[in-house]
Amino acid sequence: MSKIQFSFYRVDSSIKEDFLRGIDKNKFSFSMNTSLNNDIKGNSIFVITLDDEIYLSNSSNKRKVTSIESAITLFNFEKLALNSIEEITSYLSRRTKKTFLEKISLDISAFSEVLNKEIYNYFLEYHNQKINSVLKNKKTFHNSVSFMQDDAIHFAISIAKLDNSFRLESVEIKENTETELIRLSEDNVIIFDTNNDIQGLSREIDITGRAIYRNESEELIIYTANKNPLENLLGVDLIYINNIQKNMVMVQYKMLEKEGDSWIFRDNNNQLRDEAERMNSIKEMLNDNSQNEYRLNPSPFFLRFIKRQSLGNNPVSFCISLDHYQQIMNQPVTLGPRGGRRIGYDEMQKHYIGKSELESLIRSGYVGTYSQDTDNIHEIIHLISSGKQNDGLVIAFKNRLSGE
């Protein structure tokens, strides 16, 4: 319960019709000044007022849309049987009543930890069915594997840059398996047909689910899979095949742990070192130049370092290529006081790219394999899928539909 964050949002009368249409579509987004609303977190429960109507809703992760603005999407709306938001105050303690009134006097605000608890208890007692409906759809992760698979799914969706013309056509899951794809549309999930043609993938890969987005000219197909317990482990968590620009990129997630005031990754058991050696052996199979195409970096391998504490709530991260990682891990800046190697924000000295920058590079075809290697992905994906059982792997294809 202590992890549930409530926030408040007042719908301005000028966008009333937009908000009501959003309720009908179960999706409404709004923007805010990032620096002025730093305490507003994604994946929260929002208490919303529209004139005298009160709603509860879930929210997406907070995402940056410009250099000064961020956006949040609200969904799963539940209307409360209240005449006004002020009615809640009579059920609050004296110490939180004043805080609550201050918070709802603003257009948008985040509740304090103490207020969160009292508001939650109030909803449990007087609006139990509504709050439980919202909580049911709140993102929670049992472990870092489920978080990373969910994040990789949305990473692929962001790379594809799906606009309003795309629709989610289907979500299919394999019976008696777990996949975070179910979060995309829990109401319209069907059982995955293992006899379906799997685009360019080995039949030995243990597919757990598939989702398809389409518009009139393009499609995004996302597969989730378990890595098989074979010897060759590369540790890749996301494979993105861009069949429009003919490039393929593979991203591995690593967790940054809090050490004092710093966030650090240590390859204590040399797992990443061993994985990197296997990635290098894959790179030797690939072309490093092409007369007809241009890449800033033809290597498909990238690393994404994420602060562990931010799991499930707009994770804070930085991205670097495998080549950059191997280069910097041999530099004095990553050498710790006891002779070990470490990497984090301080060691990188801002020499990295963010998630959105990597998305753009992949989408435009500026990084990743050349087309000849992208077209021959079968053996590569088979090797990458050979890893620890139950680790989540996400494979996404961006395709242009025939006739375009």
# chains A, B, ... in the order shown; residues from 1 in each chain; ligands from 1
$ select_by_dssp --residues "range 4-162 of chain A" --states "helix (DSSP H, G or I)" --output "PyMOL selection string"
chain A and resi 13-25+85-91+94-104+113-126+128-136+144-160
$ residues_around --residues "range 152-162 of chain A" --least-positions-apart "6" --cutoff "10 Å" --atoms "only C-alpha atoms" --output "ChimeraX atom specification"
/A:146,180-181,184,211,213-215,218-224,237-242,251-253,355-364,392-399
$ select_by_dssp --residues "range 75-269 of chain A" --states "strand (DSSP E)" --output "PyMOL selection string"
chain A and resi 75-79+108-110+167-173+189-191+206-214+218-226+238-242+247-259+262-265
$ closest_residue --among "A:Asn376, A:Asn26, A:Asn43, A:Asn287" --to "Phe75 in chain A" --atoms "only C-alpha atoms"
A:Asn26
$ atom_distance --atom1 "CA of Arg10 in chain A" --atom2 "CA of Ile104 in chain A"
8.0 Å
$ residues_around --residues "Leu286 in chain A" --least-positions-apart "5" --cutoff "9 Å" --atoms "only C-alpha atoms" --output "short mmCIF file (atom, residue, chain, number, x, y, z; two decimals) with N, CA, C and O atoms, in the first residue's frame"
data_model
loop_
_atom_site.label_atom_id
_atom_site.label_comp_id
_atom_site.auth_asym_id
_atom_site.auth_seq_id
_atom_site.Cartn_x
_atom_site.Cartn_y
_atom_site.Cartn_z
N PRO A 298 27.54 0.18 -37.51
CA PRO A 298 26.89 -1.01 -38.05
C PRO A 298 26.76 -2.15 -37.04
O PRO A 298 26.20 -3.19 -37.36
N SER A 299 27.26 -1.96 -35.81
CA SER A 299 27.10 -2.99 -34.79
C SER A 299 25.67 -2.97 -34.27
O SER A 299 25.11 -1.90 -34.03
N THR A 369 22.61 -3.23 -38.03
CA THR A 369 23.18 -4.02 -39.12
C THR A 369 22.82 -3.46 -40.49
O THR A 369 21.81 -2.76 -40.65
N TYR A 370 23.64 -3.81 -41.47
CA TYR A 370 23.30 -3.52 -42.86
C TYR A 370 22.23 -4.50 -43.33
O TYR A 370 21.98 -5.54 -42.71
N GLN A 372 21.94 -6.71 -45.65
CA GLN A 372 22.28 -8.10 -45.93
C GLN A 372 22.22 -8.95 -44.67
O GLN A 372 21.72 -10.08 -44.67
N ASP A 373 22.73 -8.39 -43.55
CA ASP A 373 22.70 -9.12 -42.29
C ASP A 373 21.29 -9.13 -41.69
O ASP A 373 20.88 -10.12 -41.07
#
$ residues_around --residues "Tyr91 in chain A" --least-positions-apart "5" --cutoff "12 Å" --atoms "only C-alpha atoms" --output "MDAnalysis selection string"
chainID A and resid 85:86 96:97 100 115 118:123 125:126
$ write_last_selection --atoms "N, CA, C and O atoms" --output "mmCIF file, in the first residue's frame"
data_model
loop_
_atom_site.group_PDB
_atom_site.id
_atom_site.type_symbol
_atom_site.label_atom_id
_atom_site.label_comp_id
_atom_site.auth_asym_id
_atom_site.auth_seq_id
_atom_site.Cartn_x
_atom_site.Cartn_y
_atom_site.Cartn_z
ATOM 1 N N ILE A 85 -15.443 17.355 -4.708
ATOM 2 C CA ILE A 85 -14.198 16.821 -4.157
ATOM 3 C C ILE A 85 -14.049 17.155 -2.680
ATOM 4 O O ILE A 85 -13.445 16.412 -1.899
ATOM 5 N N GLU A 86 -14.654 18.270 -2.254
ATOM 6 C CA GLU A 86 -14.536 18.700 -0.860
ATOM 7 C C GLU A 86 -15.214 17.733 0.106
ATOM 8 O O GLU A 86 -14.919 17.750 1.312
ATOM 9 N N THR A 96 -4.285 16.154 7.994
ATOM 10 C CA THR A 96 -4.217 15.975 6.541
ATOM 11 C C THR A 96 -5.270 16.783 5.794
ATOM 12 O O THR A 96 -5.138 16.999 4.592
ATOM 13 N N LYS A 97 -6.314 17.234 6.507
ATOM 14 C CA LYS A 97 -7.384 17.986 5.854
ATOM 15 C C LYS A 97 -6.849 19.257 5.198
ATOM 16 O O LYS A 97 -7.179 19.566 4.038
ATOM 17 N N PHE A 100 -4.790 18.382 2.135
ATOM 18 C CA PHE A 100 -5.643 17.967 1.027
ATOM 19 C C PHE A 100 -6.259 19.176 0.323
ATOM 20 O O PHE A 100 -6.265 19.256 -0.912
ATOM 21 N N LEU A 115 -0.871 11.690 3.372
ATOM 22 C CA LEU A 115 -2.159 11.901 2.706
ATOM 23 C C LEU A 115 -2.525 10.714 1.823
ATOM 24 O O LEU A 115 -3.690 10.318 1.739
ATOM 25 N N GLU A 118 -4.254 8.052 3.984
ATOM 26 C CA GLU A 118 -5.624 8.375 4.407
ATOM 27 C C GLU A 118 -6.596 8.350 3.218
ATOM 28 O O GLU A 118 -7.733 7.894 3.344
ATOM 29 N N ILE A 119 -6.139 8.854 2.078
ATOM 30 C CA ILE A 119 -6.985 8.833 0.882
ATOM 31 C C ILE A 119 -7.273 7.398 0.467
ATOM 32 O O ILE A 119 -8.412 7.034 0.111
ATOM 33 N N TYR A 120 -6.259 6.560 0.520
ATOM 34 C CA TYR A 120 -6.428 5.151 0.165
ATOM 35 C C TYR A 120 -7.439 4.474 1.097
ATOM 36 O O TYR A 120 -8.330 3.753 0.642
ATOM 37 N N ASN A 121 -7.303 4.704 2.397
ATOM 38 C CA ASN A 121 -8.233 4.101 3.354
ATOM 39 C C ASN A 121 -9.655 4.611 3.137
ATOM 40 O O ASN A 121 -10.635 3.848 3.278
ATOM 41 N N TYR A 122 -9.791 5.890 2.785
ATOM 42 C CA TYR A 122 -11.114 6.447 2.502
ATOM 43 C C TYR A 122 -11.753 5.738 1.301
ATOM 44 O O TYR A 122 -12.915 5.317 1.354
ATOM 45 N N PHE A 123 -10.987 5.591 0.221
ATOM 46 C CA PHE A 123 -11.527 4.932 -0.973
ATOM 47 C C PHE A 123 -11.874 3.469 -0.693
ATOM 48 O O PHE A 123 -12.875 2.947 -1.193
ATOM 49 N N GLU A 125 -12.932 2.202 2.068
ATOM 50 C CA GLU A 125 -14.129 2.100 2.890
ATOM 51 C C GLU A 125 -15.390 2.554 2.166
ATOM 52 O O GLU A 125 -16.452 1.931 2.293
ATOM 53 N N TYR A 126 -15.285 3.616 1.363
ATOM 54 C CA TYR A 126 -16.489 4.223 0.796
ATOM 55 C C TYR A 126 -16.640 4.028 -0.721
ATOM 56 O O TYR A 126 -17.714 4.249 -1.268
#
$ residues_around --residues "range 255-269 of chain A" --least-positions-apart "6" --cutoff "9 Å" --atoms "only C-alpha atoms" --output "PDB file with N, CA and C atoms, in the first residue's frame"
ATOM      1  N   ARG A 304      21.580  -0.709 -22.193  1.00  0.00           N
ATOM      2  CA  ARG A 304      20.767   0.316 -21.520  1.00  0.00           C
ATOM      3  C   ARG A 304      20.889   0.113 -20.006  1.00  0.00           C
ATOM      4  N   PHE A 305      21.443   1.106 -19.316  1.00  0.00           N
ATOM      5  CA  PHE A 305      21.656   1.036 -17.869  1.00  0.00           C
ATOM      6  C   PHE A 305      20.527   1.784 -17.168  1.00  0.00           C
ATOM      7  N   ILE A 306      19.825   1.085 -16.247  1.00  0.00           N
ATOM      8  CA  ILE A 306      18.635   1.630 -15.607  1.00  0.00           C
ATOM      9  C   ILE A 306      18.814   1.642 -14.092  1.00  0.00           C
ATOM     10  N   LYS A 307      18.418   2.747 -13.469  1.00  0.00           N
ATOM     11  CA  LYS A 307      18.414   2.812 -12.000  1.00  0.00           C
ATOM     12  C   LYS A 307      17.378   1.831 -11.466  1.00  0.00           C
ATOM     13  N   ARG A 308      17.810   0.902 -10.627  1.00  0.00           N
ATOM     14  CA  ARG A 308      16.908  -0.136 -10.134  1.00  0.00           C
ATOM     15  C   ARG A 308      15.723   0.451  -9.383  1.00  0.00           C
ATOM     16  N   GLN A 309      15.927   1.519  -8.642  1.00  0.00           N
ATOM     17  CA  GLN A 309      14.878   2.112  -7.826  1.00  0.00           C
ATOM     18  C   GLN A 309      13.720   2.650  -8.664  1.00  0.00           C
ATOM     19  N   SER A 317      17.536   6.205 -17.193  1.00  0.00           N
ATOM     20  CA  SER A 317      18.521   5.332 -17.819  1.00  0.00           C
ATOM     21  C   SER A 317      19.445   6.114 -18.745  1.00  0.00           C
ATOM     22  N   GLY A 340      38.646  -2.986  -8.831  1.00  0.00           N
ATOM     23  CA  GLY A 340      37.543  -3.458  -9.645  1.00  0.00           C
ATOM     24  C   GLY A 340      37.078  -2.412 -10.638  1.00  0.00           C
ATOM     25  N   ARG A 341      36.247  -2.830 -11.557  1.00  0.00           N
ATOM     26  CA  ARG A 341      35.718  -1.924 -12.571  1.00  0.00           C
ATOM     27  C   ARG A 341      34.263  -1.584 -12.275  1.00  0.00           C
ATOM     28  N   ARG A 342      33.882  -0.342 -12.510  1.00  0.00           N
ATOM     29  CA  ARG A 342      32.528   0.135 -12.265  1.00  0.00           C
ATOM     30  C   ARG A 342      32.157   1.159 -13.323  1.00  0.00           C
ATOM     31  N   ILE A 343      30.869   1.250 -13.583  1.00  0.00           N
ATOM     32  CA  ILE A 343      30.407   2.228 -14.563  1.00  0.00           C
ATOM     33  C   ILE A 343      29.097   2.835 -14.073  1.00  0.00           C
ATOM     34  N   GLY A 344      28.955   4.131 -14.293  1.00  0.00           N
ATOM     35  CA  GLY A 344      27.757   4.854 -13.875  1.00  0.00           C
ATOM     36  C   GLY A 344      27.769   6.248 -14.481  1.00  0.00           C
ATOM     37  N   TYR A 345      26.889   7.097 -14.002  1.00  0.00           N
ATOM     38  CA  TYR A 345      26.786   8.450 -14.552  1.00  0.00           C
ATOM     39  C   TYR A 345      28.086   9.230 -14.383  1.00  0.00           C
ATOM     40  N   ASP A 346      28.727   9.119 -13.220  1.00  0.00           N
ATOM     41  CA  ASP A 346      29.968   9.864 -12.982  1.00  0.00           C
ATOM     42  C   ASP A 346      31.071   9.418 -13.931  1.00  0.00           C
TER      43      ASP A 346
END
$ residues_around --residues "range 321-328 of chain A" --least-positions-apart "6" --cutoff "8 Å" --atoms "only C-alpha atoms" --output "number ranges by chain"
A: 276, 301-303, 334
$ write_last_selection --atoms "N, CA, C and O atoms" --output "tab-separated table (two decimals), in the first residue's frame"
chain	number	residue	atom	x	y	z
A	276	ALA	N	29.74	-10.25	-23.70
A	276	ALA	CA	30.34	-9.35	-24.69
A	276	ALA	C	31.26	-10.11	-25.64
A	276	ALA	O	31.31	-9.83	-26.84
A	301	PHE	N	24.68	-4.12	-31.30
A	301	PHE	CA	24.60	-4.30	-29.85
A	301	PHE	C	24.69	-2.98	-29.07
A	301	PHE	O	25.64	-2.22	-29.23
A	302	PHE	N	23.68	-2.78	-28.22
A	302	PHE	CA	23.65	-1.61	-27.34
A	302	PHE	C	23.27	-2.05	-25.92
A	302	PHE	O	22.59	-3.07	-25.73
A	303	LEU	N	23.70	-1.26	-24.95
A	303	LEU	CA	23.40	-1.51	-23.54
A	303	LEU	C	22.57	-0.36	-23.00
A	303	LEU	O	22.83	0.80	-23.30
A	334	THR	N	37.07	4.16	-14.95
A	334	THR	CA	36.19	3.13	-14.42
A	334	THR	C	36.88	2.23	-13.39
A	334	THR	O	36.26	1.29	-12.89
